[in-house]
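**Q** Next comes entry_33.txt, compact mmCIF, C-alpha atoms and all ligand atoms:
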# COMPACT_ATOMS: atom_id res chain seq x y z
CA MET T 12 68.55 111.86 105.21
CA THR T 13 72.24 112.19 104.41
CA ARG T 14 73.42 113.23 100.98
CA VAL T 15 77.02 112.59 100.02
CA LEU T 16 78.74 114.00 96.94
CA GLY T 17 81.16 111.44 95.49
CA ILE T 18 84.08 112.44 93.26
CA GLU T 19 86.10 109.93 91.23
CA THR T 20 89.07 110.69 88.95
CA SER T 21 91.45 107.76 89.47
CA CYS T 22 91.85 106.82 85.82
CA ASP T 23 90.12 108.16 82.70
CA GLU T 24 86.59 109.03 83.82
CA THR T 25 85.80 112.35 85.45
CA ALA T 26 82.83 111.44 87.63
CA ALA T 27 80.63 112.98 90.32
CA ALA T 28 77.39 111.78 91.88
CA VAL T 29 74.99 112.52 94.72
CA VAL T 30 73.77 109.55 96.75
CA GLU T 31 71.27 109.67 99.61
CA ASP T 32 71.75 107.42 102.65
CA GLY T 33 74.31 105.30 100.82
CA GLU T 34 71.76 103.74 98.50
CA ARG T 35 69.54 106.21 96.64
CA LEU T 36 71.16 107.56 93.50
CA LEU T 37 70.10 111.17 92.86
CA SER T 38 72.56 111.87 90.05
CA ASN T 39 75.52 110.16 88.39
CA VAL T 40 77.56 112.21 85.93
CA ILE T 41 80.48 110.71 84.02
CA ALA T 42 82.64 112.53 81.50
CA SER T 43 84.38 109.66 79.74
CA GLN T 44 87.74 110.17 78.06
CA VAL T 45 87.58 106.85 76.27
CA ASN T 46 87.57 108.34 72.77
CA LEU T 47 90.53 110.49 73.65
CA HIS T 48 92.67 107.49 74.67
CA ALA T 49 91.36 104.92 72.19
CA ARG T 50 93.68 106.14 69.45
CA TYR T 51 96.68 105.36 71.72
CA GLY T 52 95.31 101.93 72.62
CA GLY T 53 95.39 102.72 76.33
CA VAL T 54 95.12 105.51 78.90
CA VAL T 55 97.84 108.17 78.58
CA PRO T 56 98.32 109.52 82.14
CA GLU T 57 99.32 113.07 81.22
CA VAL T 58 96.45 113.44 78.77
CA ALA T 59 94.03 112.04 81.37
CA ALA T 60 95.11 114.50 84.08
CA ARG T 61 94.72 117.51 81.77
CA LYS T 62 91.27 116.40 80.70
CA HIS T 63 90.17 115.87 84.31
CA LEU T 64 91.20 119.45 85.04
CA GLU T 65 88.95 120.71 82.25
CA SER T 66 85.96 118.57 83.22
CA ILE T 67 85.93 118.38 86.99
CA ILE T 68 84.04 121.60 87.89
CA PRO T 69 81.34 121.23 85.19
CA VAL T 70 80.88 117.57 86.15
CA ILE T 71 80.40 118.43 89.84
CA GLU T 72 78.02 121.29 89.01
CA THR T 73 75.98 119.02 86.74
CA ALA T 74 75.81 116.32 89.42
CA LEU T 75 74.32 118.80 91.90
CA GLU T 76 71.96 120.23 89.31
CA GLN T 77 70.68 116.80 88.21
CA ALA T 78 70.23 115.78 91.84
CA GLY T 79 68.15 118.93 92.26
CA CYS T 80 70.11 119.94 95.31
CA THR T 81 72.17 122.87 96.53
CA TRP T 82 75.43 122.76 98.46
CA HIS T 83 73.43 123.29 101.66
CA GLU T 84 71.88 119.86 101.26
CA ILE T 85 75.23 118.08 100.90
CA ALA T 86 76.44 116.54 104.17
CA ALA T 87 79.94 115.46 103.08
CA ILE T 88 82.25 115.08 100.11
CA ALA T 89 83.81 111.67 99.42
CA ALA T 90 86.70 111.53 96.97
CA THR T 91 88.94 108.79 95.63
CA GLN T 92 92.33 108.96 97.33
CA GLY T 93 93.86 105.94 95.58
CA PRO T 94 94.82 103.62 94.05
CA GLY T 95 95.12 105.15 90.60
CA LEU T 96 97.15 107.42 88.34
CA PRO T 97 98.78 110.13 90.51
CA GLY T 98 98.02 113.06 88.18
CA SER T 99 94.41 111.97 87.74
CA LEU T 100 93.82 111.37 91.45
CA LEU T 101 95.26 114.78 92.33
CA VAL T 102 92.65 116.63 90.27
CA GLY T 103 89.56 115.07 91.88
CA PHE T 104 90.97 114.81 95.38
CA ASN T 105 92.30 118.36 95.55
CA THR T 106 89.08 119.76 94.10
CA ALA T 107 87.14 117.84 96.79
CA LYS T 108 89.50 119.10 99.46
CA ALA T 109 89.24 122.72 98.33
CA ILE T 110 85.43 122.65 98.22
CA ALA T 111 85.18 120.84 101.55
CA TYR T 112 87.49 123.37 103.18
CA ALA T 113 85.73 126.38 101.68
CA ARG T 114 82.26 125.10 102.56
CA ASP T 115 83.19 123.64 105.90
CA LEU T 116 82.09 120.14 104.90
CA PRO T 117 83.66 116.85 106.03
CA LEU T 118 86.05 115.31 103.48
CA ILE T 119 85.97 111.51 103.25
CA PRO T 120 89.05 110.05 101.51
CA LEU T 121 88.08 106.82 99.81
CA ASN T 122 89.78 103.73 98.51
CA HIS T 123 88.72 103.27 94.88
CA LEU T 124 88.39 99.49 95.33
CA GLU T 125 86.14 99.92 98.34
CA GLY T 126 84.08 102.22 96.14
CA HIS T 127 83.65 99.44 93.57
CA VAL T 128 82.41 97.06 96.28
CA TYR T 129 79.86 99.60 97.56
CA ALA T 130 78.23 99.96 94.15
CA ASN T 131 76.44 96.82 95.39
CA TRP T 132 74.64 98.84 98.08
CA LEU T 133 72.95 101.13 95.54
CA LEU T 134 69.27 100.31 94.98
CA GLU T 135 70.01 99.89 91.25
CA ALA T 136 72.21 96.88 92.11
CA ARG T 137 69.60 95.23 94.34
CA ASP T 138 66.60 94.82 92.14
CA GLY T 139 64.30 95.28 95.11
CA GLY T 140 66.34 92.89 97.25
CA PRO T 141 67.83 93.58 100.69
CA ALA T 142 71.18 95.29 101.26
CA PRO T 143 74.23 92.99 101.17
CA VAL T 144 74.75 90.83 104.26
CA PHE T 145 77.98 89.74 105.98
CA PRO T 146 80.12 87.77 105.75
CA ALA T 147 80.29 88.33 102.01
CA VAL T 148 82.91 87.22 99.53
CA SER T 149 83.88 90.11 97.30
CA LEU T 150 85.51 89.71 93.91
CA ILE T 151 86.86 93.01 92.58
CA VAL T 152 87.85 92.72 88.94
CA SER T 153 88.97 95.89 87.19
CA GLY T 154 91.60 97.21 84.82
CA GLY T 155 94.22 97.30 87.55
CA HIS T 156 93.02 94.77 90.13
CA THR T 157 91.82 91.24 90.69
CA ASP T 158 91.13 90.91 94.39
CA LEU T 159 89.27 88.16 96.20
CA MET T 160 88.30 89.35 99.68
CA VAL T 161 86.04 88.43 102.57
CA MET T 162 84.06 91.31 103.95
CA TYR T 163 83.07 90.70 107.60
CA ASP T 164 81.45 94.09 108.17
CA HIS T 165 81.49 97.60 106.77
CA GLY T 166 85.12 98.47 106.16
CA VAL T 167 86.43 95.13 107.51
CA TYR T 168 88.20 93.17 104.78
CA GLU T 169 90.44 90.14 104.66
CA ARG T 170 92.29 89.41 101.48
CA LEU T 171 92.18 85.83 100.23
CA GLY T 172 93.94 86.24 96.91
CA ARG T 173 94.99 88.56 94.14
CA THR T 174 96.47 88.35 90.69
CA ARG T 175 100.15 87.53 90.44
CA ASP T 176 100.52 89.22 87.05
CA ASP T 177 97.90 90.85 84.82
CA ALA T 178 94.62 92.08 86.27
CA ALA T 179 91.51 90.51 84.74
CA GLY T 180 90.56 93.73 82.91
CA GLU T 181 94.13 94.18 81.74
CA ALA T 182 94.01 90.68 80.24
CA PHE T 183 90.78 91.57 78.41
CA ASP T 184 92.39 94.77 77.11
CA LYS T 185 95.63 93.09 75.99
CA VAL T 186 93.87 90.18 74.28
CA ALA T 187 91.48 92.58 72.53
CA ARG T 188 94.53 94.38 71.17
CA LEU T 189 96.05 91.06 69.99
CA LEU T 190 92.79 90.30 68.21
CA GLY T 191 92.66 93.77 66.67
CA LEU T 192 89.41 94.62 68.43
CA GLY T 193 90.32 97.99 69.96
CA PHE T 194 90.17 99.65 73.39
CA PRO T 195 88.83 99.20 76.03
CA GLY T 196 88.86 95.51 75.34
CA GLY T 197 86.34 94.08 77.81
CA PRO T 198 83.10 95.10 76.10
CA LEU T 199 84.56 94.34 72.65
CA ILE T 200 85.62 90.82 73.64
CA GLU T 201 82.23 90.21 75.24
CA ARG T 202 80.49 91.28 72.04
CA ALA T 203 82.82 89.23 69.80
CA ALA T 204 82.40 86.15 72.03
CA ARG T 205 78.63 86.34 71.60
CA GLU T 206 79.08 85.88 67.85
CA ALA T 207 81.08 82.65 68.20
CA THR T 208 79.32 79.81 66.42
CA SER T 209 81.64 77.07 67.67
CA ARG T 210 83.05 76.38 71.16
CA LYS T 211 85.59 73.74 70.08
CA LEU T 212 88.62 75.80 71.01
CA GLU T 213 89.73 75.49 74.63
CA LEU T 214 92.40 77.70 76.20
CA PRO T 215 94.40 76.89 79.37
CA ARG T 216 93.30 77.79 82.89
CA ALA T 217 95.90 78.69 85.51
CA TRP T 218 94.38 77.17 88.65
CA LEU T 219 97.25 77.88 91.07
CA HIS T 220 95.77 75.14 93.26
CA GLY T 221 95.89 75.62 97.02
CA THR T 222 95.74 79.41 96.75
CA TYR T 223 93.13 82.01 95.94
CA ASP T 224 95.60 83.83 93.71
CA PHE T 225 95.09 84.32 89.99
CA SER T 226 97.37 84.43 86.96
CA PHE T 227 96.28 85.51 83.50
CA SER T 228 99.54 86.15 81.66
CA GLY T 229 99.81 82.52 80.49
CA LEU T 230 96.38 82.76 78.96
CA LYS T 231 97.37 85.95 77.17
CA THR T 232 100.49 84.21 75.81
CA ALA T 233 98.36 81.28 74.65
CA VAL T 234 96.21 83.70 72.65
CA LEU T 235 99.30 85.37 71.22
CA ARG T 236 100.66 82.00 70.08
CA LEU T 237 97.33 81.06 68.59
CA VAL T 238 97.13 84.31 66.65
CA ARG T 239 100.72 83.96 65.37
CA GLU T 240 100.83 80.25 64.59
CA HIS T 241 97.30 79.32 63.73
CA ALA T 242 96.00 82.50 62.17
CA GLY T 243 93.11 81.50 59.96
CA SER T 244 92.27 78.27 61.82
CA TYR T 245 90.00 80.07 64.26
CA SER T 246 87.82 83.13 63.96
CA VAL T 247 88.29 86.17 66.19
CA ALA T 248 84.90 85.37 67.74
CA GLU T 249 85.99 81.81 68.60
CA ILE T 250 89.23 82.98 70.20
CA ALA T 251 87.43 85.74 72.11
CA ALA T 252 84.89 83.20 73.40
CA ALA T 253 87.55 80.69 74.44
CA PHE T 254 89.53 83.42 76.21
CA GLN T 255 86.44 84.73 78.00
CA ASP T 256 85.33 81.20 79.02
CA SER T 257 88.76 80.50 80.49
CA ILE T 258 88.96 83.69 82.53
CA ILE T 259 85.36 83.34 83.76
CA ASP T 260 85.82 79.68 84.73
CA VAL T 261 88.79 80.54 86.96
CA LEU T 262 87.16 83.63 88.50
CA VAL T 263 83.91 81.81 89.25
CA THR T 264 85.46 78.57 90.54
CA LYS T 265 87.77 80.36 92.98
CA THR T 266 85.11 82.80 94.19
CA ILE T 267 82.68 79.99 94.92
CA GLU T 268 85.33 77.89 96.67
CA ALA T 269 86.06 80.91 98.87
CA ALA T 270 82.38 81.52 99.58
CA VAL T 271 81.90 77.91 100.70
CA GLN T 272 85.05 77.96 102.83
CA VAL T 273 84.13 81.10 104.78
CA ASN T 274 80.39 80.37 104.93
CA ALA T 275 79.63 83.54 103.04
CA ARG T 276 76.00 84.62 102.90
CA MET T 277 76.48 86.52 99.68
CA ILE T 278 78.87 87.02 96.77
CA LEU T 279 79.54 90.61 95.70
CA LEU T 280 80.99 91.20 92.24
CA SER T 281 82.37 94.58 91.29
CA GLY T 282 84.79 96.49 89.06
CA GLY T 283 84.73 97.05 85.31
CA VAL T 284 84.97 93.35 84.41
CA ALA T 285 81.83 92.67 86.47
CA ALA T 286 80.01 94.52 83.68
CA ASN T 287 80.53 91.30 81.70
CA ARG T 288 77.12 89.60 81.53
CA ALA T 289 78.63 86.16 80.86
CA LEU T 290 80.59 86.42 84.13
CA LYS T 291 77.42 87.42 85.98
CA ALA T 292 75.46 84.54 84.46
CA ALA T 293 78.15 81.95 85.24
CA MET T 294 78.49 83.15 88.84
CA GLU T 295 74.73 83.12 89.38
CA GLU T 296 74.42 79.68 87.86
CA ARG T 297 77.10 78.09 90.01
CA SER T 298 76.79 79.96 93.32
CA PRO T 299 75.03 78.38 96.30
CA VAL T 300 74.42 81.86 97.79
CA PRO T 301 72.85 85.02 96.30
CA VAL T 302 75.11 86.94 93.92
CA ARG T 303 75.07 90.73 93.67
CA VAL T 304 76.37 92.53 90.58
CA PRO T 305 75.74 96.21 89.88
CA PRO T 306 74.31 97.07 86.45
CA PRO T 307 77.15 97.56 83.91
CA HIS T 308 77.29 101.38 84.14
CA LEU T 309 77.83 101.09 87.90
CA CYS T 310 80.54 98.43 87.52
CA THR T 311 82.89 100.67 85.56
CA ASP T 312 84.30 103.77 87.28
CA ASN T 313 81.70 106.23 88.56
CA GLY T 314 81.09 108.71 91.36
CA ALA T 315 78.02 106.95 92.77
CA MET T 316 80.07 104.08 94.17
CA ILE T 317 82.37 106.58 95.92
CA ALA T 318 79.40 108.46 97.40
CA ALA T 319 77.79 105.17 98.51
CA ALA T 320 80.99 104.01 100.23
CA GLY T 321 81.46 107.51 101.68
CA TYR T 322 78.14 107.25 103.48
CA PHE T 323 79.34 104.25 105.46
CA HIS T 324 82.42 106.22 106.59
CA TYR T 325 80.40 109.35 107.35
CA GLY T 326 81.13 110.69 110.79
CA THR T 327 84.40 108.81 111.22
CA GLY T 328 86.09 112.21 110.96
CA LEU T 329 89.31 113.22 109.30
CA GLN T 330 91.64 114.81 111.85
CA ASP T 331 93.54 117.10 109.52
CA MET T 332 91.79 117.68 106.23
CA LEU T 333 94.47 119.94 104.82
CA ALA T 334 97.17 117.30 105.32
CA ALA T 335 95.18 114.63 103.46
CA ASP T 336 96.76 113.63 100.18
CA VAL T 337 96.37 111.13 97.37
CA VAL T 338 97.95 107.66 97.76
CA PRO T 339 98.45 106.23 94.23
CA SER T 340 99.35 102.76 95.55
CA LEU T 341 96.72 102.63 98.32
CA ARG T 342 95.76 99.08 99.30
CA LEU T 343 92.59 97.61 100.69
CA GLU T 344 93.27 95.35 103.68
O1 LIG T 401 86.76 99.48 87.09
P1 LIG T 401 87.16 100.02 85.80
O2 LIG T 401 86.19 100.89 85.05
O3 LIG T 401 88.46 100.86 85.93
C1 LIG T 401 89.50 100.46 86.79
O4 LIG T 401 89.39 100.72 88.01
O5 LIG T 401 90.44 99.83 86.26
O6 LIG T 401 87.58 98.77 84.91
C2 LIG T 401 87.99 98.91 83.60
C3 LIG T 401 88.26 97.54 83.04
C4 LIG T 401 88.89 97.57 81.66
O7 LIG T 401 90.00 96.70 81.65
C5 LIG T 401 87.78 97.05 80.76
O8 LIG T 401 88.23 96.36 79.61
C6 LIG T 401 87.03 96.13 81.70
O9 LIG T 401 87.05 96.80 82.94
N1 LIG T 401 85.65 95.90 81.26
C7 LIG T 401 85.15 94.69 80.92
C8 LIG T 401 83.83 94.92 80.47
N2 LIG T 401 83.56 96.25 80.58
C9 LIG T 401 84.68 96.84 81.08
N3 LIG T 401 85.72 93.47 80.92
C10 LIG T 401 84.96 92.44 80.49
N4 LIG T 401 83.71 92.57 80.02
C11 LIG T 401 83.10 93.78 80.00
N5 LIG T 401 81.85 93.90 79.55
ZN ZN T 402 87.79 101.13 88.86
Take the structure in the file and write it out as structure tokens.
**A**
Amino acid sequence: MTRVLGIETSCDETAAAVVEDGERLLSNVIASQVNLHARYGGVVPEVAARKHLESIIPVIETALEQAGCTWHEIAAIAATQGPGLPGSLLVGFNTAKAIAYARDLPLIPLNHLEGHVYANWLLEARDGGPAPVFPAVSLIVSGGHTDLMVMYDHGVYERLGRTRDDAAGEAFDKVARLLGLGFPGGPLIERAAREATSRKLELPRAWLHGTYDFSFSGLKTAVLRLVREHAGSYSVAEIAAAFQDSIIDVLVTKTIEAAVQVNARMILLSGGVAANRALKAAMEERSPVPVRVPPPHLCTDNGAMIAAAGYFHYGTGLQDMLAADVVPSLRLE
């Protein structure tokens, strides 16, 4: 029985969780800053870093308390090293490093995107089903990333495609702002789209044929033009639905093409946009192989995914813990 404490502060959630054997969630504490940033219409890095500093110790203490465990039962600390906002990353990572050093625990530096993928190993994401199997095609869709990867084994990734401009979540956020819906945009667009009574409006899809890359900025511009030139012809709900349909169609089509091409045995969805139930439904409907999607609260940033991923790196050893540092532009290859 191995319990890993996961710490995540790459953006605007201060999060810590205890996970047993990479799959059993014992606690999952998230101090969200969303209300703090909503008035600015986006995350303000300096404000985020200061708030992390205030929250990090209480969040970690609460995670241990809710897990009903003491430091003696923690085998390792996993913390997000990157990618993310430098000031935010520094708070969680340095706290993890200090505690690990003081308590003589292994420190496991983690890629935030790998964390998202590993949310699929938590029992909550499996609904009684088996753990994910390889090769798997992994679509990571978050506020900063749209990455289509093949996962051949634990920690072995090959990138097939990525976005050439806006990330999927970024597109949701920008379009929500254009439609006057607020921040963060994903859940608000999803809710608005559900209210659409007509599906007559169709927005463009950037297929970028022959590649597994994505592009969403044209779609955003199409919405902008629609709002400016045809205001009144369509309801916000109709535009939200057409936008969401377009983005989902491209994400699903490319992910399934990739799964067929590499003979994937499973599709793993993750990242904040995977919280979108319409995306989940479309992927499940069209996929020839089983689709895994964590429940919404494990799609958006959390510590459990970091602890789950940390378990699979447990024992790999970090040569020089004190020299470890954050890497704001860390990539997953
Ligand atoms: O993974 P995440 O919590 O943070 C990053 O690593 O970026 O993703 C946040 C993104 C935001 O852009 C947010 O609008 C989007 O995920 N998101 C959604 C939904 N919930 C969150 N997008 C579409 N539908 C949702 N239900
Ligand atoms: Zn994230």
**Q** Tell me which residues come within 7 Å of (72.5, 81.5, 98.7), as a ChimeraX atom specification, counting only C-alpha atoms in the file's coordinates.
**A** /T:276-277,299-301
**Q** Write the selection just made, keeping C-alpha atoms, as a tab-separated table (two decimals), keeping the file's coordinate frame?
**A**
chain	number	residue	atom	x	y	z
T	276	ARG	CA	76.00	84.62	102.90
T	277	MET	CA	76.48	86.52	99.68
T	299	PRO	CA	75.03	78.38	96.30
T	300	VAL	CA	74.42	81.86	97.79
T	301	PRO	CA	72.85	85.02	96.30
**Q** From the set T:Thr13, T:Gln92, T:Ser281, T:Thr208, which residue has the shortest atom-to-atom contact distance to ligand ZN 402 (chain T), counting all atoms listed in the file?
**A**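 Distance minimum relative to ligand ZN 402 (chain T) lands on T:Ser281.
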**Q** Using only C-alpha atoms and all ligand atoms, which residues have at least one atom no more than 7 Å from ligand LIG 401 (chain T)? Output them as a PyMOL selection string.
**A** chain T and resi 22+153-156+180-181+183-184+195-198+200-201+282-288+310-312
**Q** When you count all atoms listed in the file, which of these residues is closest to T:His83: T:Leu37, T:Tyr245, T:Asn46, T:Val15?
**A**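 Nearest candidate to T:His83 out of T:Leu37, T:Tyr245, T:Asn46, T:Val15: T:Val15.
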**Q** When you draw a straight line from atom CA of T:Met12 to atom CA of T:Leu134, how long is it in Å?
**A** 15.4 Å
**Q** Which distance in Å separates atom CA of T:Pro143 and atom CA of T:Gly172, to one decimal?
**A**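 Spanning atom CA of T:Pro143 to atom CA of T:Gly172 is a straight-line distance of 21.3 Å.
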**Q** Just how far from atom CA of T:Arg175 is atom CA of T:Val161, in Å to one decimal?
**A**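 For atom CA of T:Val161 relative to atom CA of T:Arg175, the distance reads 18.6 Å.
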**Q** Which one is closest to T:Thr73: T:Ala42, T:Ala111, T:Ala90, T:Leu150? Count all atoms listed in the file.
**A**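 Looking at the shortest contact to T:Thr73, the residue is T:Ala42.
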**Q** Using all atoms listed in the file, which of T:Ile151, T:Ala86, T:Ser209, T:Pro117 sits nearest T:Ala130?
**A**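 Checking each of T:Ile151, T:Ala86, T:Ser209, T:Pro117 against T:Ala130, counting all atoms listed in the file, the winner is T:Ile151.
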**Q** Which residue out of T:Leu262, T:Leu100, T:Leu199, T:Val273 has the minimum interatomic distance to T:Ala60 when all atoms listed in the file are used?
**A** T:Leu100
**Q** Let me make sure I understand: among T:Asn39, T:Thr232, T:Asn105, T:Gln272, which one has the smallest atom-to-atom distance to T:Leu333 if we use all atoms listed in the file?
**A**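 Under the stated criterion, the closest residue is T:Asn105.
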**Q** Please return the centre and edge lengths, in Å to one decimal, of a box with edges along x, y and z that contains all listed atoms of stretch 333-342 of chain T, widened by 3 Å on every side, as JSON.
**A**
{"center_x": 96.9, "center_y": 109.5, "center_z": 99.8, "size_x": 10.9, "size_y": 26.9, "size_z": 17.1}
**Q** Compile the contact shell of T:Arg216 as a list of chain:residue names: residues with an atom at most 8 Å away, counting only C-alpha atoms, same-chain residues fewer than 2 positions apart removed.
**A** T:Leu214, T:Trp218, T:Leu230, T:Ser257, T:Ile258, T:Asp260, T:Val261
**Q** Please provide as an NGL selection string all residues within 9 Å of T:Ala107, with the sequence filter that same-chain residues fewer than 2 positions apart are discarded (counting all atoms listed in the file).
**A** :T and (17-18 or 88-90 or 102-105 or 109-112 or 118)
